[in-house]
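Read the structure below first, then the notes.
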Amino acid sequence: MSAYDVIVAGGGHNGLVAAAYLAQAGRRVLVLERHEHVGGLAISAQAFPGVDVRLSRYSYLVSLLPSKIARDLGLDLELRRRRYASYTPKGDTGLLVDNEDDLRTAASFRHVTGGESDHEAWRRFYGMVAEVARVLAPTLLEPLRPQAEIERMVGPEAWRDLFGRPIGESVAERFADDTVRGVVLTDALIGTFAAPPTPTCWPTAVSSTT
């Protein structure tokens, strides 16, 4: 008779969560990890030999950790929202996205792009993304819902631009400036195996009012 009910291959954050739930349910669990540490991508590491600086290995995705899991497992964890979403250098200036100062962000967009339209498009697009997250977040711990139900929950515009076609098409239609497009695509492609479109693939007709 085996000494374990379940063997979890890999001690990353997902494997550890699964093992903890199984142990709470009374199962005998063995976690196997080939590295000398556990945590997977949810750790920091010294990226450059001789440089005493530790960098995140995508651990910022801890924002996807549902609060229910933290409560269920009794995690003593405090998450804090960062003020600055990003800064993207461009020439002798750069595009700053300040989560706490929309006027400062608007001024940065205006300085980099030479106008107001891309910032307005940015606000509309990320407002839509935030609403989709608000609607779908409670379903992340449930069985995957049918496509038609998800489409109904998020609405036709969000379904079309975030789910129904390549994100590069949506970005190209909504934003005119390449620096802004790059920032949006960086957000859109994190955690996926997708690739952004090459510049020659951008649609020729651009509208920031879609």
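Starting from 1 in every chain, residues are counted up; chains themselves are A, B, ... following the order of the structure tokens, and ligands are numbered from 1 as listed.
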Can you list, as an mmCIF file with N, CA, C and O atoms, in the first residue's frame, every residue of segment 30-199 of chain A that DSSP puts in helix (DSSP H, G or I)?
data_model
loop_
_atom_site.group_PDB
_atom_site.id
_atom_site.type_symbol
_atom_site.label_atom_id
_atom_site.label_comp_id
_atom_site.auth_asym_id
_atom_site.auth_seq_id
_atom_site.Cartn_x
_atom_site.Cartn_y
_atom_site.Cartn_z
ATOM 1 N N SER A 59 6.630 37.200 -10.224
ATOM 2 C CA SER A 59 5.835 37.070 -9.013
ATOM 3 C C SER A 59 4.794 38.179 -8.877
ATOM 4 O O SER A 59 3.919 38.102 -8.025
ATOM 5 N N TYR A 60 4.863 39.207 -9.737
ATOM 6 C CA TYR A 60 3.824 40.235 -9.687
ATOM 7 C C TYR A 60 2.464 39.649 -10.049
ATOM 8 O O TYR A 60 1.418 40.234 -9.772
ATOM 9 N N LEU A 61 2.464 38.474 -10.676
ATOM 10 C CA LEU A 61 1.191 37.831 -10.998
ATOM 11 C C LEU A 61 0.484 37.315 -9.754
ATOM 12 O O LEU A 61 -0.588 36.734 -9.839
ATOM 13 N N VAL A 62 1.076 37.565 -8.566
ATOM 14 C CA VAL A 62 0.389 37.215 -7.325
ATOM 15 C C VAL A 62 -0.924 37.988 -7.213
ATOM 16 O O VAL A 62 -1.813 37.618 -6.452
ATOM 17 N N SER A 63 -1.062 39.055 -7.998
ATOM 18 C CA SER A 63 -2.330 39.791 -7.986
ATOM 19 C C SER A 63 -3.484 38.929 -8.475
ATOM 20 O O SER A 63 -4.655 39.259 -8.261
ATOM 21 N N LEU A 64 -3.164 37.799 -9.140
ATOM 22 C CA LEU A 64 -4.205 36.881 -9.589
ATOM 23 C C LEU A 64 -4.630 35.914 -8.490
ATOM 24 O O LEU A 64 -5.520 35.097 -8.704
ATOM 25 N N SER A 67 -8.603 35.992 -3.136
ATOM 26 C CA SER A 67 -8.583 36.189 -1.684
ATOM 27 C C SER A 67 -9.141 34.973 -0.950
ATOM 28 O O SER A 67 -8.763 34.694 0.189
ATOM 29 N N LYS A 68 -10.038 34.237 -1.608
ATOM 30 C CA LYS A 68 -10.603 33.039 -0.967
ATOM 31 C C LYS A 68 -9.516 32.010 -0.670
ATOM 32 O O LYS A 68 -9.529 31.360 0.389
ATOM 33 N N ILE A 69 -8.557 31.837 -1.599
ATOM 34 C CA ILE A 69 -7.474 30.885 -1.371
ATOM 35 C C ILE A 69 -6.623 31.331 -0.189
ATOM 36 O O ILE A 69 -6.239 30.515 0.663
ATOM 37 N N ALA A 70 -6.319 32.618 -0.116
ATOM 38 C CA ALA A 70 -5.533 33.127 1.002
ATOM 39 C C ALA A 70 -6.249 32.870 2.327
ATOM 40 O O ALA A 70 -5.624 32.482 3.317
ATOM 41 N N ARG A 71 -7.570 33.066 2.339
ATOM 42 C CA ARG A 71 -8.334 32.815 3.570
ATOM 43 C C ARG A 71 -8.383 31.321 3.888
ATOM 44 O O ARG A 71 -8.178 30.906 5.031
ATOM 45 N N ASP A 72 -8.657 30.505 2.883
ATOM 46 C CA ASP A 72 -8.776 29.057 3.099
ATOM 47 C C ASP A 72 -7.493 28.466 3.679
ATOM 48 O O ASP A 72 -7.541 27.576 4.540
ATOM 49 N N ASP A 102 -4.131 60.832 -12.627
ATOM 50 C CA ASP A 102 -4.526 60.745 -14.032
ATOM 51 C C ASP A 102 -4.080 61.970 -14.814
ATOM 52 O O ASP A 102 -3.781 61.868 -16.010
ATOM 53 N N LEU A 103 -4.022 63.136 -14.168
ATOM 54 C CA LEU A 103 -3.575 64.339 -14.864
ATOM 55 C C LEU A 103 -2.106 64.221 -15.274
ATOM 56 O O LEU A 103 -1.715 64.636 -16.364
ATOM 57 N N ARG A 104 -1.300 63.639 -14.394
ATOM 58 C CA ARG A 104 0.114 63.444 -14.709
ATOM 59 C C ARG A 104 0.264 62.439 -15.857
ATOM 60 O O ARG A 104 1.093 62.620 -16.750
ATOM 61 N N THR A 105 -0.547 61.389 -15.813
ATOM 62 C CA THR A 105 -0.512 60.406 -16.901
ATOM 63 C C THR A 105 -0.932 61.051 -18.213
ATOM 64 O O THR A 105 -0.310 60.835 -19.251
ATOM 65 N N ALA A 106 -1.991 61.863 -18.174
ATOM 66 C CA ALA A 106 -2.473 62.525 -19.382
ATOM 67 C C ALA A 106 -1.404 63.453 -19.956
ATOM 68 O O ALA A 106 -1.212 63.512 -21.180
ATOM 69 N N ALA A 107 -0.703 64.156 -19.068
ATOM 70 C CA ALA A 107 0.353 65.056 -19.531
ATOM 71 C C ALA A 107 1.492 64.271 -20.193
ATOM 72 O O ALA A 107 2.056 64.708 -21.197
ATOM 73 N N SER A 108 1.805 63.117 -19.634
ATOM 74 C CA SER A 108 2.859 62.287 -20.212
ATOM 75 C C SER A 108 2.446 61.763 -21.587
ATOM 76 O O SER A 108 3.236 61.784 -22.532
ATOM 77 N N PHE A 109 1.202 61.316 -21.708
ATOM 78 C CA PHE A 109 0.694 60.871 -23.006
ATOM 79 C C PHE A 109 0.765 62.014 -24.026
ATOM 80 O O PHE A 109 1.176 61.812 -25.171
ATOM 81 N N ARG A 110 0.357 63.177 -23.603
ATOM 82 C CA ARG A 110 0.339 64.331 -24.503
ATOM 83 C C ARG A 110 1.751 64.681 -24.958
ATOM 84 O O ARG A 110 1.981 64.996 -26.133
ATOM 85 N N HIS A 111 2.709 64.610 -24.037
ATOM 86 C CA HIS A 111 4.087 64.943 -24.360
ATOM 87 C C HIS A 111 4.685 63.933 -25.340
ATOM 88 O O HIS A 111 5.424 64.300 -26.265
ATOM 89 N N VAL A 112 4.362 62.642 -25.159
ATOM 90 C CA VAL A 112 4.941 61.590 -25.988
ATOM 91 C C VAL A 112 4.238 61.471 -27.332
ATOM 92 O O VAL A 112 4.887 61.302 -28.373
ATOM 93 N N THR A 113 2.902 61.579 -27.317
ATOM 94 C CA THR A 113 2.133 61.326 -28.545
ATOM 95 C C THR A 113 1.777 62.595 -29.299
ATOM 96 O O THR A 113 1.379 62.524 -30.464
ATOM 97 N N SER A 117 -5.801 62.057 -27.982
ATOM 98 C CA SER A 117 -6.655 60.935 -28.382
ATOM 99 C C SER A 117 -6.196 59.598 -27.813
ATOM 100 O O SER A 117 -7.021 58.771 -27.403
ATOM 101 N N ASP A 118 -4.883 59.354 -27.784
ATOM 102 C CA ASP A 118 -4.422 58.063 -27.290
ATOM 103 C C ASP A 118 -4.673 57.913 -25.795
ATOM 104 O O ASP A 118 -4.927 56.800 -25.315
ATOM 105 N N HIS A 119 -4.593 58.995 -25.046
ATOM 106 C CA HIS A 119 -4.895 58.893 -23.611
ATOM 107 C C HIS A 119 -6.369 58.608 -23.390
ATOM 108 O O HIS A 119 -6.734 57.794 -22.518
ATOM 109 N N GLU A 120 -7.227 59.248 -24.171
ATOM 110 C CA GLU A 120 -8.663 58.960 -24.057
ATOM 111 C C GLU A 120 -8.949 57.507 -24.432
ATOM 112 O O GLU A 120 -9.748 56.821 -23.781
ATOM 113 N N ALA A 121 -8.284 57.029 -25.493
ATOM 114 C CA ALA A 121 -8.447 55.636 -25.885
ATOM 115 C C ALA A 121 -7.941 54.707 -24.789
ATOM 116 O O ALA A 121 -8.527 53.649 -24.523
ATOM 117 N N TRP A 122 -6.842 55.098 -24.163
ATOM 118 C CA TRP A 122 -6.269 54.320 -23.049
ATOM 119 C C TRP A 122 -7.280 54.207 -21.906
ATOM 120 O O TRP A 122 -7.501 53.121 -21.367
ATOM 121 N N ARG A 123 -7.870 55.301 -21.537
ATOM 122 C CA ARG A 123 -8.831 55.290 -20.425
ATOM 123 C C ARG A 123 -10.036 54.419 -20.754
ATOM 124 O O ARG A 123 -10.510 53.657 -19.902
ATOM 125 N N ARG A 124 -10.526 54.501 -21.979
ATOM 126 C CA ARG A 124 -11.671 53.673 -22.354
ATOM 127 C C ARG A 124 -11.310 52.192 -22.365
ATOM 128 O O ARG A 124 -12.057 51.352 -21.860
ATOM 129 N N PHE A 125 -10.142 51.884 -22.934
ATOM 130 C CA PHE A 125 -9.737 50.485 -23.064
ATOM 131 C C PHE A 125 -9.513 49.850 -21.693
ATOM 132 O O PHE A 125 -10.026 48.758 -21.406
ATOM 133 N N TYR A 126 -8.748 50.521 -20.840
ATOM 134 C CA TYR A 126 -8.457 49.939 -19.526
ATOM 135 C C TYR A 126 -9.675 49.987 -18.604
ATOM 136 O O TYR A 126 -9.783 49.156 -17.684
ATOM 137 N N GLY A 127 -10.577 50.921 -18.848
ATOM 138 C CA GLY A 127 -11.850 50.882 -18.125
ATOM 139 C C GLY A 127 -12.638 49.638 -18.482
ATOM 140 O O GLY A 127 -13.242 48.984 -17.616
ATOM 141 N N MET A 128 -12.637 49.289 -19.769
ATOM 142 C CA MET A 128 -13.315 48.080 -20.216
ATOM 143 C C MET A 128 -12.651 46.839 -19.623
ATOM 144 O O MET A 128 -13.334 45.910 -19.151
ATOM 145 N N VAL A 129 -11.324 46.799 -19.618
ATOM 146 C CA VAL A 129 -10.599 45.656 -19.056
ATOM 147 C C VAL A 129 -10.909 45.504 -17.569
ATOM 148 O O VAL A 129 -11.123 44.386 -17.067
ATOM 149 N N ALA A 130 -10.946 46.621 -16.845
ATOM 150 C CA ALA A 130 -11.240 46.568 -15.408
ATOM 151 C C ALA A 130 -12.635 46.017 -15.154
ATOM 152 O O ALA A 130 -12.848 45.247 -14.208
ATOM 153 N N GLU A 131 -13.594 46.394 -15.988
ATOM 154 C CA GLU A 131 -14.965 45.893 -15.816
ATOM 155 C C GLU A 131 -15.027 44.395 -16.111
ATOM 156 O O GLU A 131 -15.721 43.642 -15.417
ATOM 157 N N VAL A 132 -14.316 43.950 -17.139
ATOM 158 C CA VAL A 132 -14.275 42.518 -17.444
ATOM 159 C C VAL A 132 -13.668 41.751 -16.266
ATOM 160 O O VAL A 132 -14.166 40.689 -15.873
ATOM 161 N N ALA A 133 -12.600 42.281 -15.692
ATOM 162 C CA ALA A 133 -11.979 41.631 -14.538
ATOM 163 C C ALA A 133 -12.941 41.562 -13.357
ATOM 164 O O ALA A 133 -13.019 40.541 -12.659
ATOM 165 N N ARG A 134 -13.677 42.642 -13.134
ATOM 166 C CA ARG A 134 -14.635 42.662 -12.021
ATOM 167 C C ARG A 134 -15.708 41.595 -12.203
ATOM 168 O O ARG A 134 -16.097 40.917 -11.243
ATOM 169 N N VAL A 135 -16.162 41.420 -13.432
ATOM 170 C CA VAL A 135 -17.235 40.462 -13.714
ATOM 171 C C VAL A 135 -16.735 39.028 -13.657
ATOM 172 O O VAL A 135 -17.411 38.137 -13.120
ATOM 173 N N LEU A 136 -15.536 38.784 -14.196
ATOM 174 C CA LEU A 136 -15.059 37.407 -14.333
ATOM 175 C C LEU A 136 -14.284 36.886 -13.129
ATOM 176 O O LEU A 136 -14.196 35.668 -12.931
ATOM 177 N N ALA A 137 -13.715 37.775 -12.325
ATOM 178 C CA ALA A 137 -12.895 37.322 -11.196
ATOM 179 C C ALA A 137 -13.627 36.353 -10.269
ATOM 180 O O ALA A 137 -13.045 35.346 -9.845
ATOM 181 N N PRO A 138 -14.905 36.593 -9.957
ATOM 182 C CA PRO A 138 -15.586 35.655 -9.057
ATOM 183 C C PRO A 138 -15.768 34.257 -9.648
ATOM 184 O O PRO A 138 -16.067 33.322 -8.907
ATOM 185 N N THR A 139 -15.581 34.095 -10.953
ATOM 186 C CA THR A 139 -15.783 32.790 -11.585
ATOM 187 C C THR A 139 -14.501 31.972 -11.687
ATOM 188 O O THR A 139 -14.539 30.827 -12.137
ATOM 189 N N GLN A 147 -18.861 29.516 -23.593
ATOM 190 C CA GLN A 147 -18.487 30.734 -24.299
ATOM 191 C C GLN A 147 -19.639 31.726 -24.365
ATOM 192 O O GLN A 147 -19.454 32.926 -24.136
ATOM 193 N N ALA A 148 -20.825 31.260 -24.688
ATOM 194 C CA ALA A 148 -21.973 32.158 -24.838
ATOM 195 C C ALA A 148 -22.271 32.884 -23.532
ATOM 196 O O ALA A 148 -22.654 34.066 -23.536
ATOM 197 N N GLU A 149 -22.084 32.210 -22.419
ATOM 198 C CA GLU A 149 -22.353 32.845 -21.123
ATOM 199 C C GLU A 149 -21.316 33.912 -20.806
ATOM 200 O O GLU A 149 -21.650 34.997 -20.319
ATOM 201 N N ILE A 150 -20.045 33.610 -21.090
ATOM 202 C CA ILE A 150 -18.997 34.600 -20.867
ATOM 203 C C ILE A 150 -19.223 35.822 -21.754
ATOM 204 O O ILE A 150 -19.088 36.973 -21.314
ATOM 205 N N GLU A 151 -19.587 35.589 -23.008
ATOM 206 C CA GLU A 151 -19.851 36.703 -23.925
ATOM 207 C C GLU A 151 -20.992 37.575 -23.403
ATOM 208 O O GLU A 151 -20.934 38.803 -23.464
ATOM 209 N N ARG A 152 -22.016 36.939 -22.876
ATOM 210 C CA ARG A 152 -23.143 37.696 -22.319
ATOM 211 C C ARG A 152 -22.702 38.487 -21.089
ATOM 212 O O ARG A 152 -23.109 39.633 -20.904
ATOM 213 N N MET A 153 -21.831 37.921 -20.273
ATOM 214 C CA MET A 153 -21.392 38.578 -19.042
ATOM 215 C C MET A 153 -20.538 39.809 -19.318
ATOM 216 O O MET A 153 -20.665 40.826 -18.627
ATOM 217 N N VAL A 154 -19.649 39.725 -20.312
ATOM 218 C CA VAL A 154 -18.721 40.832 -20.554
ATOM 219 C C VAL A 154 -19.238 41.833 -21.564
ATOM 220 O O VAL A 154 -18.753 42.973 -21.628
ATOM 221 N N PRO A 156 -20.739 42.587 -25.815
ATOM 222 C CA PRO A 156 -20.232 42.337 -27.174
ATOM 223 C C PRO A 156 -18.919 43.048 -27.496
ATOM 224 O O PRO A 156 -18.066 42.488 -28.179
ATOM 225 N N GLU A 157 -18.755 44.284 -27.041
ATOM 226 C CA GLU A 157 -17.522 45.012 -27.371
ATOM 227 C C GLU A 157 -16.302 44.356 -26.723
ATOM 228 O O GLU A 157 -15.284 44.116 -27.379
ATOM 229 N N ALA A 158 -16.403 44.074 -25.432
ATOM 230 C CA ALA A 158 -15.286 43.454 -24.730
ATOM 231 C C ALA A 158 -15.006 42.059 -25.276
ATOM 232 O O ALA A 158 -13.843 41.656 -25.411
ATOM 233 N N TRP A 159 -16.065 41.312 -25.606
ATOM 234 C CA TRP A 159 -15.850 39.978 -26.151
ATOM 235 C C TRP A 159 -15.084 40.050 -27.474
ATOM 236 O O TRP A 159 -14.128 39.316 -27.694
ATOM 237 N N ARG A 160 -15.500 40.975 -28.336
ATOM 238 C CA ARG A 160 -14.854 41.112 -29.644
ATOM 239 C C ARG A 160 -13.387 41.511 -29.495
ATOM 240 O O ARG A 160 -12.502 40.914 -30.122
ATOM 241 N N ASP A 161 -13.116 42.520 -28.648
ATOM 242 C CA ASP A 161 -11.775 43.093 -28.613
ATOM 243 C C ASP A 161 -10.806 42.355 -27.697
ATOM 244 O O ASP A 161 -9.592 42.455 -27.882
ATOM 245 N N LEU A 162 -11.308 41.599 -26.721
ATOM 246 C CA LEU A 162 -10.424 40.915 -25.788
ATOM 247 C C LEU A 162 -10.398 39.400 -25.970
ATOM 248 O O LEU A 162 -9.445 38.749 -25.540
ATOM 249 N N PHE A 163 -11.434 38.850 -26.602
ATOM 250 C CA PHE A 163 -11.522 37.398 -26.718
ATOM 251 C C PHE A 163 -11.703 36.915 -28.160
ATOM 252 O O PHE A 163 -11.208 35.855 -28.527
ATOM 253 N N ILE A 167 -5.402 40.217 -30.224
ATOM 254 C CA ILE A 167 -5.363 41.474 -29.486
ATOM 255 C C ILE A 167 -4.653 42.567 -30.276
ATOM 256 O O ILE A 167 -4.950 43.760 -30.129
ATOM 257 N N GLY A 168 -3.722 42.175 -31.158
ATOM 258 C CA GLY A 168 -3.028 43.169 -31.963
ATOM 259 C C GLY A 168 -3.971 43.984 -32.831
ATOM 260 O O GLY A 168 -3.749 45.172 -33.061
ATOM 261 N N GLU A 169 -5.032 43.350 -33.319
ATOM 262 C CA GLU A 169 -6.016 44.071 -34.131
ATOM 263 C C GLU A 169 -6.744 45.116 -33.297
ATOM 264 O O GLU A 169 -6.958 46.251 -33.736
ATOM 265 N N SER A 170 -7.118 44.755 -32.081
ATOM 266 C CA SER A 170 -7.810 45.695 -31.204
ATOM 267 C C SER A 170 -6.910 46.862 -30.834
ATOM 268 O O SER A 170 -7.342 48.022 -30.836
ATOM 269 N N VAL A 171 -5.651 46.555 -30.535
ATOM 270 C CA VAL A 171 -4.709 47.609 -30.159
ATOM 271 C C VAL A 171 -4.468 48.552 -31.323
ATOM 272 O O VAL A 171 -4.441 49.783 -31.161
ATOM 273 N N ALA A 172 -4.306 48.011 -32.510
ATOM 274 C CA ALA A 172 -4.042 48.846 -33.682
ATOM 275 C C ALA A 172 -5.213 49.757 -33.999
ATOM 276 O O ALA A 172 -5.023 50.901 -34.442
ATOM 277 N N GLU A 173 -6.420 49.282 -33.799
ATOM 278 C CA GLU A 173 -7.599 50.097 -34.080
ATOM 279 C C GLU A 173 -7.788 51.196 -33.048
ATOM 280 O O GLU A 173 -8.247 52.289 -33.377
ATOM 281 N N ARG A 174 -7.434 50.921 -31.818
ATOM 282 C CA ARG A 174 -7.723 51.867 -30.737
ATOM 283 C C ARG A 174 -6.627 52.905 -30.523
ATOM 284 O O ARG A 174 -6.911 54.007 -30.046
ATOM 285 N N ASP A 178 2.887 54.245 -31.627
ATOM 286 C CA ASP A 178 3.537 52.943 -31.483
ATOM 287 C C ASP A 178 4.034 52.687 -30.058
ATOM 288 O O ASP A 178 4.061 51.539 -29.601
ATOM 289 N N THR A 179 4.464 53.740 -29.358
ATOM 290 C CA THR A 179 4.899 53.545 -27.971
ATOM 291 C C THR A 179 3.733 53.099 -27.104
ATOM 292 O O THR A 179 3.860 52.170 -26.297
ATOM 293 N N VAL A 180 2.593 53.732 -27.272
ATOM 294 C CA VAL A 180 1.401 53.350 -26.515
ATOM 295 C C VAL A 180 0.983 51.933 -26.888
ATOM 296 O O VAL A 180 0.648 51.119 -26.023
ATOM 297 N N ARG A 181 1.015 51.635 -28.168
ATOM 298 C CA ARG A 181 0.676 50.272 -28.605
ATOM 299 C C ARG A 181 1.581 49.250 -27.934
ATOM 300 O O ARG A 181 1.130 48.183 -27.492
ATOM 301 N N GLY A 182 2.870 49.554 -27.849
ATOM 302 C CA GLY A 182 3.807 48.629 -27.231
ATOM 303 C C GLY A 182 3.514 48.383 -25.770
ATOM 304 O O GLY A 182 3.606 47.255 -25.286
ATOM 305 N N VAL A 183 3.146 49.447 -25.043
ATOM 306 C CA VAL A 183 2.816 49.297 -23.620
ATOM 307 C C VAL A 183 1.579 48.429 -23.445
ATOM 308 O O VAL A 183 1.534 47.539 -22.590
ATOM 309 N N VAL A 184 0.563 48.679 -24.262
ATOM 310 C CA VAL A 184 -0.677 47.900 -24.159
ATOM 311 C C VAL A 184 -0.416 46.440 -24.507
ATOM 312 O O VAL A 184 -0.905 45.523 -23.830
ATOM 313 N N LEU A 185 0.364 46.192 -25.557
ATOM 314 C CA LEU A 185 0.664 44.820 -25.944
ATOM 315 C C LEU A 185 1.494 44.099 -24.874
ATOM 316 O O LEU A 185 1.338 42.894 -24.662
ATOM 317 N N THR A 186 2.364 44.833 -24.184
ATOM 318 C CA THR A 186 3.114 44.228 -23.083
ATOM 319 C C THR A 186 2.164 43.709 -22.019
ATOM 320 O O THR A 186 2.291 42.581 -21.535
ATOM 321 N N ASP A 187 1.184 44.536 -21.647
ATOM 322 C CA ASP A 187 0.177 44.095 -20.682
ATOM 323 C C ASP A 187 -0.624 42.913 -21.217
ATOM 324 O O ASP A 187 -0.924 41.960 -20.494
ATOM 325 N N ALA A 188 -0.965 42.976 -22.495
ATOM 326 C CA ALA A 188 -1.861 41.972 -23.072
ATOM 327 C C ALA A 188 -1.201 40.610 -23.215
ATOM 328 O O ALA A 188 -1.882 39.580 -23.123
ATOM 329 N N LEU A 189 0.114 40.577 -23.430
ATOM 330 C CA LEU A 189 0.783 39.317 -23.748
ATOM 331 C C LEU A 189 1.467 38.669 -22.554
ATOM 332 O O LEU A 189 1.968 37.550 -22.661
ATOM 333 N N PRO A 199 5.241 45.334 -37.277
ATOM 334 C CA PRO A 199 4.713 46.619 -37.748
ATOM 335 C C PRO A 199 4.012 46.532 -39.096
ATOM 336 O O PRO A 199 3.064 47.275 -39.350
#
Can you check which residues of segment 8-173 of chain A DSSP gives as strand (DSSP E) on the backbone and send them as a VMD selection string?
chain A and resid 8 to 9 29 to 32 44 to 46 54 to 56 84 to 90 93 to 98
With N, CA and C atoms retained, export the selected residues as a PDB file, in the first residue's frame.
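Wrote result_23.pdb, looks like this:
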ATOM      1  N   VAL A   8       2.314  15.326  -5.984  1.00  0.00           N
ATOM      2  CA  VAL A   8       2.275  16.558  -6.767  1.00  0.00           C
ATOM      3  C   VAL A   8       3.652  16.770  -7.384  1.00  0.00           C
ATOM      4  N   ALA A   9       3.717  16.801  -8.703  1.00  0.00           N
ATOM      5  CA  ALA A   9       4.980  17.000  -9.415  1.00  0.00           C
ATOM      6  C   ALA A   9       5.200  18.490  -9.634  1.00  0.00           C
ATOM      7  N   VAL A  29      -0.014  13.705   1.162  1.00  0.00           N
ATOM      8  CA  VAL A  29       0.492  14.344  -0.054  1.00  0.00           C
ATOM      9  C   VAL A  29       2.017  14.396  -0.044  1.00  0.00           C
ATOM     10  N   LEU A  30       2.608  14.071  -1.189  1.00  0.00           N
ATOM     11  CA  LEU A  30       4.050  14.218  -1.397  1.00  0.00           C
ATOM     12  C   LEU A  30       4.261  15.229  -2.520  1.00  0.00           C
ATOM     13  N   VAL A  31       5.055  16.273  -2.258  1.00  0.00           N
ATOM     14  CA  VAL A  31       5.401  17.267  -3.266  1.00  0.00           C
ATOM     15  C   VAL A  31       6.835  17.015  -3.717  1.00  0.00           C
ATOM     16  N   LEU A  32       7.018  16.847  -5.015  1.00  0.00           N
ATOM     17  CA  LEU A  32       8.345  16.629  -5.585  1.00  0.00           C
ATOM     18  C   LEU A  32       8.784  17.876  -6.346  1.00  0.00           C
ATOM     19  N   SER A  44      11.809  35.686  -6.138  1.00  0.00           N
ATOM     20  CA  SER A  44      12.799  36.569  -6.754  1.00  0.00           C
ATOM     21  C   SER A  44      14.121  35.823  -6.825  1.00  0.00           C
ATOM     22  N   ALA A  45      14.983  36.241  -7.716  1.00  0.00           N
ATOM     23  CA  ALA A  45      16.236  35.528  -7.919  1.00  0.00           C
ATOM     24  C   ALA A  45      17.332  36.492  -8.338  1.00  0.00           C
ATOM     25  N   GLN A  46      18.574  36.120  -8.074  1.00  0.00           N
ATOM     26  CA  GLN A  46      19.721  36.908  -8.512  1.00  0.00           C
ATOM     27  C   GLN A  46      19.970  36.605  -9.979  1.00  0.00           C
ATOM     28  N   ARG A  54      18.159  41.180  -6.514  1.00  0.00           N
ATOM     29  CA  ARG A  54      17.227  40.104  -6.817  1.00  0.00           C
ATOM     30  C   ARG A  54      16.037  40.674  -7.597  1.00  0.00           C
ATOM     31  N   LEU A  55      15.666  39.985  -8.671  1.00  0.00           N
ATOM     32  CA  LEU A  55      14.574  40.422  -9.542  1.00  0.00           C
ATOM     33  C   LEU A  55      13.437  39.419  -9.502  1.00  0.00           C
ATOM     34  N   SER A  56      12.240  39.925  -9.733  1.00  0.00           N
ATOM     35  CA  SER A  56      11.062  39.070  -9.745  1.00  0.00           C
ATOM     36  C   SER A  56      11.094  38.113 -10.919  1.00  0.00           C
ATOM     37  N   TYR A  84       2.926  53.217  -9.637  1.00  0.00           N
ATOM     38  CA  TYR A  84       3.313  53.422 -11.037  1.00  0.00           C
ATOM     39  C   TYR A  84       3.150  52.126 -11.816  1.00  0.00           C
ATOM     40  N   ALA A  85       2.272  52.153 -12.806  1.00  0.00           N
ATOM     41  CA  ALA A  85       2.040  50.960 -13.619  1.00  0.00           C
ATOM     42  C   ALA A  85       3.218  50.689 -14.535  1.00  0.00           C
ATOM     43  N   SER A  86       3.765  51.750 -15.139  1.00  0.00           N
ATOM     44  CA  SER A  86       4.893  51.551 -16.051  1.00  0.00           C
ATOM     45  C   SER A  86       5.528  52.888 -16.407  1.00  0.00           C
ATOM     46  N   TYR A  87       6.775  52.812 -16.862  1.00  0.00           N
ATOM     47  CA  TYR A  87       7.461  53.956 -17.477  1.00  0.00           C
ATOM     48  C   TYR A  87       8.216  53.416 -18.669  1.00  0.00           C
ATOM     49  N   THR A  88       7.932  53.958 -19.835  1.00  0.00           N
ATOM     50  CA  THR A  88       8.532  53.478 -21.072  1.00  0.00           C
ATOM     51  C   THR A  88       9.366  54.586 -21.708  1.00  0.00           C
ATOM     52  N   PRO A  89      10.699  54.465 -21.709  1.00  0.00           N
ATOM     53  CA  PRO A  89      11.534  55.507 -22.301  1.00  0.00           C
ATOM     54  C   PRO A  89      11.259  55.674 -23.794  1.00  0.00           C
ATOM     55  N   LYS A  90      11.320  56.918 -24.240  1.00  0.00           N
ATOM     56  CA  LYS A  90      11.229  57.217 -25.666  1.00  0.00           C
ATOM     57  C   LYS A  90      12.058  58.457 -25.939  1.00  0.00           C
ATOM     58  N   THR A  93      12.600  61.436 -23.409  1.00  0.00           N
ATOM     59  CA  THR A  93      11.456  61.507 -22.504  1.00  0.00           C
ATOM     60  C   THR A  93      10.937  60.085 -22.282  1.00  0.00           C
ATOM     61  N   GLY A  94       9.687  59.950 -21.902  1.00  0.00           N
ATOM     62  CA  GLY A  94       9.125  58.623 -21.690  1.00  0.00           C
ATOM     63  C   GLY A  94       7.654  58.701 -21.347  1.00  0.00           C
ATOM     64  N   LEU A  95       6.994  57.572 -21.458  1.00  0.00           N
ATOM     65  CA  LEU A  95       5.558  57.493 -21.184  1.00  0.00           C
ATOM     66  C   LEU A  95       5.348  56.952 -19.781  1.00  0.00           C
ATOM     67  N   LEU A  96       4.796  57.775 -18.907  1.00  0.00           N
ATOM     68  CA  LEU A  96       4.555  57.412 -17.513  1.00  0.00           C
ATOM     69  C   LEU A  96       3.073  57.124 -17.309  1.00  0.00           C
ATOM     70  N   VAL A  97       2.780  55.987 -16.667  1.00  0.00           N
ATOM     71  CA  VAL A  97       1.409  55.657 -16.282  1.00  0.00           C
ATOM     72  C   VAL A  97       1.373  55.633 -14.761  1.00  0.00           C
ATOM     73  N   ASP A  98       0.754  56.668 -14.192  1.00  0.00           N
ATOM     74  CA  ASP A  98       0.670  56.862 -12.743  1.00  0.00           C
ATOM     75  C   ASP A  98      -0.735  56.480 -12.293  1.00  0.00           C
TER      76      ASP A  98
END
Identify, on the basis of only C-alpha atoms, every residue whose closest approach to Val6 of chain A does not exceed 12 Å; exclude the query and any residue fewer than 2 positions from it along the same chain; express the result as a PyMOL selection string.
chain A and resi 2-4+8-9+15+18-23+25-32
Interatomic distance, atom CA of Val17 of chain A to atom CA of Pro66 of chain A (Å, one decimal):
11.5 Å
